[in-house]
$ cat structure23.tsv   # TSV, C-alpha atoms
chain	number	residue	atom	x	y	z
A	23	MET	CA	114.08	98.26	88.31
A	24	GLU	CA	113.24	94.89	89.79
A	25	TRP	CA	110.05	96.23	91.38
A	26	ILE	CA	108.88	97.63	88.02
A	27	SER	CA	109.64	94.30	86.39
A	28	LYS	CA	107.59	92.50	89.05
A	29	ARG	CA	104.71	94.93	88.54
A	30	PHE	CA	104.57	94.20	84.80
A	31	LYS	CA	104.81	90.45	85.40
A	32	GLN	CA	101.98	90.68	87.93
A	33	PHE	CA	99.93	92.77	85.50
A	34	ALA	CA	100.40	90.07	82.85
A	35	GLU	CA	99.69	87.09	85.08
A	36	ILE	CA	96.88	88.45	87.24
A	37	GLU	CA	95.19	91.29	85.42
A	38	CYS	CA	95.54	90.23	81.77
A	39	ASN	CA	95.62	86.44	81.85
A	40	GLY	CA	92.47	85.15	80.25
A	41	SER	CA	91.17	88.61	79.35
A	42	SER	CA	93.76	90.35	77.15
A	43	PRO	CA	96.31	88.19	75.34
A	44	LEU	CA	97.85	91.28	73.74
A	45	TYR	CA	98.53	93.11	76.99
A	46	GLU	CA	99.53	89.88	78.70
A	47	ASN	CA	102.26	89.30	76.11
A	48	LEU	CA	103.33	92.94	76.00
A	49	ALA	CA	103.57	93.12	79.80
A	50	LEU	CA	105.67	89.96	79.96
A	51	GLY	CA	107.97	91.42	77.32
A	52	VAL	CA	108.30	94.73	79.15
A	53	SER	CA	109.03	92.88	82.41
A	54	ILE	CA	112.34	91.61	81.01
A	55	ASP	CA	113.32	94.60	78.87
A	56	GLU	CA	115.65	97.04	80.67
A	57	GLU	CA	115.13	99.83	78.15
A	58	LEU	CA	111.34	99.78	78.50
A	59	LEU	CA	111.53	99.43	82.27
A	60	GLN	CA	113.74	102.52	82.28
A	61	LEU	CA	111.16	104.37	80.17
A	62	CYS	CA	108.54	103.67	82.84
A	63	LEU	CA	110.49	105.70	85.38
A	64	ALA	CA	108.92	108.76	83.70
A	65	CYS	CA	105.51	107.80	85.14
A	66	LYS	CA	104.12	110.00	87.88
A	67	GLU	CA	104.41	108.53	91.34
A	68	GLY	CA	101.40	106.45	92.31
A	69	GLN	CA	100.33	105.77	88.74
A	70	PRO	CA	99.87	102.17	87.56
A	71	MET	CA	102.83	101.92	85.18
A	72	PRO	CA	101.48	99.17	82.90
A	73	ASN	CA	98.16	100.96	82.43
A	74	LEU	CA	99.87	104.27	81.77
A	75	LEU	CA	102.47	102.89	79.35
A	76	PHE	CA	99.96	100.84	77.38
A	77	GLY	CA	97.49	103.71	77.45
A	78	ALA	CA	100.09	106.15	76.10
A	79	VAL	CA	101.02	103.82	73.25
A	80	HIS	CA	97.39	103.11	72.39
A	81	PHE	CA	96.61	106.85	72.55
A	82	LEU	CA	99.33	107.58	70.00
A	83	LEU	CA	98.14	104.79	67.72
A	84	LEU	CA	94.52	105.94	67.93
A	85	GLY	CA	95.71	109.47	67.23
A	86	GLY	CA	96.99	108.41	63.82
A	87	THR	CA	100.60	107.46	64.49
A	88	ASP	CA	101.29	104.98	61.72
A	89	HIS	CA	103.20	101.89	62.75
A	90	PRO	CA	102.83	98.11	62.17
A	91	LEU	CA	101.99	97.75	65.88
A	92	LYS	CA	98.46	98.92	65.11
A	93	ASN	CA	97.84	95.58	63.36
A	94	TYR	CA	97.79	93.85	66.76
A	95	TYR	CA	95.02	95.97	68.31
A	96	SER	CA	91.40	94.92	67.87
A	97	SER	CA	90.48	98.60	68.19
A	98	MET	CA	92.58	99.36	65.11
A	99	THR	CA	91.85	96.43	62.78
A	100	LYS	CA	89.11	93.87	62.20
A	101	ASN	CA	91.55	90.96	62.18
A	102	PRO	CA	94.33	91.61	64.67
A	103	LYS	CA	97.55	89.66	64.29
A	104	ASP	CA	98.79	87.05	66.77
A	105	PRO	CA	99.43	88.87	70.09
A	106	GLU	CA	102.36	86.55	70.85
A	107	LYS	CA	104.27	88.23	68.01
A	108	ALA	CA	103.50	91.83	68.98
A	109	PHE	CA	106.31	92.60	71.42
A	110	PRO	CA	109.09	93.38	68.89
A	111	TYR	CA	106.75	95.88	67.21
A	112	PHE	CA	105.80	97.34	70.58
A	113	LYS	CA	109.45	97.83	71.50
A	114	ASP	CA	110.19	99.39	68.10
A	115	PHE	CA	107.24	101.76	68.52
A	116	CYS	CA	108.47	102.77	71.98
A	117	GLN	CA	111.98	103.40	70.66
A	118	ILE	CA	110.77	105.51	67.73
A	119	TYR	CA	108.25	107.51	69.77
A	120	LYS	CA	110.15	107.56	73.05
A	121	GLU	CA	109.91	111.35	73.46
A	122	LYS	CA	106.15	111.44	72.88
A	123	ILE	CA	105.59	108.48	75.20
A	124	THR	CA	107.81	110.00	77.91
A	125	LYS	CA	105.86	113.27	77.70
A	126	LEU	CA	102.56	111.39	78.13
A	127	LEU	CA	103.94	109.33	81.03
A	128	ARG	CA	105.07	112.51	82.80
A	129	GLU	CA	101.94	114.56	82.18
A	130	LYS	CA	98.99	112.17	82.18
A	131	ILE	CA	97.30	110.01	84.76
A	132	VAL	CA	95.02	107.02	84.30
A	133	GLN	CA	91.86	106.03	86.08
A	134	THR	CA	91.10	102.37	85.48
A	135	ASN	CA	87.49	101.52	84.84
A	136	GLU	CA	87.22	97.78	84.68
A	137	VAL	CA	83.73	96.67	83.89
A	138	SER	CA	84.55	93.24	85.34
A	139	ARG	CA	84.08	94.82	88.77
A	140	CYS	CA	80.37	94.48	88.06
A	141	ALA	CA	80.61	90.71	88.70
A	142	TYR	CA	80.81	91.27	92.43
A	143	LEU	CA	78.17	93.99	92.22
A	144	TYR	CA	75.77	91.57	90.55
A	145	ALA	CA	76.41	88.94	93.21
A	146	ALA	CA	76.08	91.45	96.06
A	147	PHE	CA	72.94	93.08	94.69
A	148	SER	CA	71.36	89.69	94.05
A	149	HIS	CA	72.08	88.67	97.62
A	150	VAL	CA	70.64	91.90	99.05
A	151	TYR	CA	67.54	91.63	96.90
A	152	GLU	CA	66.94	88.01	97.91
A	153	ARG	CA	67.10	89.02	101.56
A	154	THR	CA	64.99	92.19	101.32
A	155	LYS	CA	62.78	91.71	98.23
A	156	LYS	CA	62.96	95.48	97.76
A	157	PRO	CA	64.16	97.49	94.76
A	158	LEU	CA	67.80	98.51	94.72
A	159	ALA	CA	69.41	101.73	93.60
A	160	LEU	CA	73.03	102.50	92.86
A	161	ILE	CA	74.63	105.88	93.20
A	162	GLU	CA	78.03	106.01	91.63
A	163	ILE	CA	80.56	108.50	92.88
A	164	GLY	CA	83.68	108.29	90.80
A	165	THR	CA	85.01	108.26	87.30
A	166	SER	CA	83.91	104.99	85.76
A	167	ALA	CA	81.96	106.78	83.01
A	168	GLY	CA	78.78	105.07	84.15
A	169	LEU	CA	80.04	101.57	83.41
A	170	GLN	CA	79.19	100.40	86.92
A	171	LEU	CA	75.70	101.86	86.62
A	172	LEU	CA	74.96	99.43	83.80
A	173	TRP	CA	75.66	96.33	85.92
A	174	ASN	CA	72.19	94.97	85.18
A	175	GLU	CA	72.80	95.22	81.41
A	176	TYR	CA	75.68	92.73	81.33
A	177	SER	CA	75.84	88.95	81.02
A	178	TYR	CA	77.76	87.07	83.73
A	179	GLU	CA	79.23	83.60	84.00
A	180	PHE	CA	80.64	82.40	87.29
A	181	SER	CA	83.14	79.61	87.88
A	182	ASN	CA	80.38	77.32	89.15
A	183	GLY	CA	78.88	77.38	85.63
A	184	LYS	CA	75.98	79.64	86.58
A	185	ARG	CA	75.04	82.16	83.87
A	186	VAL	CA	73.04	85.17	84.99
A	187	GLY	CA	72.19	88.67	83.92
A	188	LYS	CA	71.15	89.89	80.50
A	189	GLN	CA	72.06	86.96	78.25
A	190	THR	CA	71.69	89.01	75.03
A	191	SER	CA	74.28	91.55	76.17
A	192	LYS	CA	77.40	92.07	74.08
A	193	VAL	CA	79.31	92.49	77.34
A	194	HIS	CA	80.00	89.09	78.89
A	195	ILE	CA	81.83	89.02	82.21
A	196	THR	CA	83.37	85.89	83.69
A	197	SER	CA	84.30	85.64	87.33
A	198	GLU	CA	85.78	83.13	89.71
A	199	ILE	CA	83.90	82.45	92.92
A	200	ARG	CA	86.05	82.27	96.02
A	201	GLY	CA	84.45	81.26	99.28
A	202	THR	CA	80.76	80.50	99.52
A	203	GLU	CA	78.76	80.51	96.30
A	204	PRO	CA	76.33	83.41	95.97
A	205	PHE	CA	73.96	81.53	93.61
$ encode --input "structure23.tsv" --output "structure tokens"
Amino acid sequence: MEWISKRFKQFAEIECNGSSPLYENLALGVSIDEELLQLCLACKEGQPMPNLLFGAVHFLLLGGTDHPLKNYYSSMTKNPKDPEKAFPYFKDFCQIYKEKITKLLREKIVQTNEVSRCAYLYAAFSHVYERTKKPLALIEIGTSAGLQLLWNEYSYEFSNGKRVGKQTSKVHITSEIRGTEPF
């Protein structure tokens, strides 16, 4: 169970910190909760447990399962409640709907499509264009639902303060530059 706990803690600290306070808090809670860690053993081998667990819960909520937990999701309410207070409701939801969640964990798989990946695409494409001064094309082979194909439609802010891309976009991606600065 320790390795599952570490995975949830890593998910909270690396993948959610600064981008999803709700999932950051939920993942930290799961990382120290034996009952929920045990529930995650139902996940198919090779599946990212945090993504699958949180996806299963969100799927049930979006499907109409009524529970106070929905009040913490911005996809479910205009004014979500404080994410730091969500964990007890999350645990209660998982206890009540354990059978449904277990079934989803056993049967479903997740494919993560993080639009933030476009930050490195923007930097790489900008670099290539500056060197070649020729038009670029992107062929996407995968399951990101076209999110990567829209890289030029997003707004970007890098850790050096540089803002680039489509500044009127509703999608704003922040990224830390490591190594030499591309701009």
$ residues_around --input "structure23.tsv" --residues "Asp88 (chain A)" --least-positions-apart "5" --cutoff "10 Å" --atoms "all atoms listed in the file" --output "list of chain:residue names"
A:Leu82, A:Leu83, A:Phe115
$ residues_around --input "structure23.tsv" --residues "region 128-144 of chain A" --least-positions-apart "2" --cutoff "7 Å" --atoms "all atoms listed in the file" --output "number ranges by chain"
A: 64-66, 69, 74, 124-126, 146-148, 166, 169-170, 173, 178, 195, 197
$ closest_residue --input "structure23.tsv" --among "A:Asn39, A:Ser181, A:Pro110, A:Leu158" --to "Arg200 (chain A)" --atoms "only C-alpha atoms"
A:Ser181
$ closest_residue --input "structure23.tsv" --among "A:Tyr45, A:Leu58, A:Thr87, A:Leu172" --to "Ile26 (chain A)" --atoms "all atoms listed in the file"
A:Leu58
$ residues_around --input "structure23.tsv" --residues "Ala108 (chain A)" --least-positions-apart "5" --cutoff "8 Å" --atoms "all atoms listed in the file" --output "VMD selection string"
chain A and resid 44 47 to 48 91 94 103
$ atom_distance --input "structure23.tsv" --atom1 "CA of Glu198 (chain A)" --atom2 "CA of Ala145 (chain A)"
11.6 Å
$ closest_residue --input "structure23.tsv" --among "A:Lys92, A:Lys156, A:His194, A:Lys122" --to "Phe109 (chain A)" --atoms "all atoms listed in the file"
A:Lys92
$ closest_residue --input "structure23.tsv" --among "A:Met23, A:Glu35, A:Ser97, A:Ser41" --to "Ile54 (chain A)" --atoms "all atoms listed in the file"
A:Met23
$ closest_residue --input "structure23.tsv" --among "A:Met98, A:Met71, A:Pro105, A:Gln117" --to "Leu84 (chain A)" --atoms "all atoms listed in the file"
A:Met98
$ closest_residue --input "structure23.tsv" --among "A:Lys28, A:Pro70, A:Asp104, A:Leu61" --to "Ser42 (chain A)" --atoms "all atoms listed in the file"
A:Asp104
$ atom_distance --input "structure23.tsv" --atom1 "CA of Ile118 (chain A)" --atom2 "CA of Lys31 (chain A)"
24.0 Å
$ residues_around --input "structure23.tsv" --residues "Ala49 (chain A)" --least-positions-apart "3" --cutoff "8 Å" --atoms "only C-alpha atoms" --output "list of chain:residue names"
A:Phe30, A:Lys31, A:Phe33, A:Ala34, A:Tyr45, A:Glu46, A:Val52, A:Ser53, A:Pro72
$ write_last_selection --input "structure23.tsv" --atoms "C-alpha atoms" --output "mmCIF file, in the coordinates of the input"
data_model
loop_
_atom_site.group_PDB
_atom_site.id
_atom_site.type_symbol
_atom_site.label_atom_id
_atom_site.label_comp_id
_atom_site.auth_asym_id
_atom_site.auth_seq_id
_atom_site.Cartn_x
_atom_site.Cartn_y
_atom_site.Cartn_z
ATOM 1 C CA PHE A 30 104.570 94.200 84.800
ATOM 2 C CA LYS A 31 104.810 90.450 85.400
ATOM 3 C CA PHE A 33 99.930 92.770 85.500
ATOM 4 C CA ALA A 34 100.400 90.070 82.850
ATOM 5 C CA TYR A 45 98.530 93.110 76.990
ATOM 6 C CA GLU A 46 99.530 89.880 78.700
ATOM 7 C CA VAL A 52 108.300 94.730 79.150
ATOM 8 C CA SER A 53 109.030 92.880 82.410
ATOM 9 C CA PRO A 72 101.480 99.170 82.900
#
$ atom_distance --input "structure23.tsv" --atom1 "CA of Thr196 (chain A)" --atom2 "CA of Phe180 (chain A)"
5.7 Å
